[in-house]
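S.K.: Take a look at this one; I'll ask things after.
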Amino acid sequence: MVIVWLLAVGLPLSKILKRIGFSGWWAILAFIPLANIIGLWVLAVTAWPKEARNG
């Protein structure tokens, strides 16, 4: 069941993070309680690397 959850959530999240310019390894935070909330806040308030290169 854990492998299904990792594939269902971790893989798409990793691809999304790569598209916005972050490392796909940030997806690990989605599975750690409290770290996922902190990671979400970090993504919300920092400039995205891909955005900074284009703008």
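Ligands are numbered from 1 in the order shown, chains are lettered A, B, ... in the order of the structure tokens, and residues start at 1 in each chain.
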Name the residues of chain A that fall into alpha helix (DSSP H) according to DSSP on the backbone, using the chain letters and numbers of this document, as an MDAnalysis selection string.
M.R.: chainID A and resid 2:5 11:19 35:45 49:54
S.K.: Could you give me, as number ranges by chain, the residues within 7 Å of range 14-26 of chain A, counting only C-alpha atoms and dropping anything in the same chain fewer than 5 positions from it?
M.R.: A: 48-50
S.K.: What is the distance, in Å and to one decimal place, between CA of Pro12 in chain A and CA of Leu34 in chain A?
M.R.: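 Calculated distance between CA of Pro12 in chain A and CA of Leu34 in chain A is 20.4 Å.
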S.K.: Between CA of Ile38 in chain A and CA of Gly10 in chain A, measure the distance and give it in Å to one decimal.
M.R.: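 It comes out at 16.9 Å.
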S.K.: Find the distance between CA of Leu43 in chain A and CA of Leu13 in chain A and write it in Å to one decimal.
M.R.: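 Going from CA of Leu43 in chain A over to CA of Leu13 in chain A covers 12.6 Å.
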S.K.: So, counting only C-alpha atoms, which residue among A:Val45, A:Leu6, A:Ala52, A:Leu11 is closest to Phe31 in chain A?
M.R.: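 Smallest distance to Phe31 in chain A is found for A:Leu6.
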S.K.: Quick one: residues within 9 Å of Val9 in chain A, only C-alpha atoms, excluding same-chain residues fewer than 5 positions away - as a PyMOL selection string?
M.R.: chain A and resi 4+14+27+30
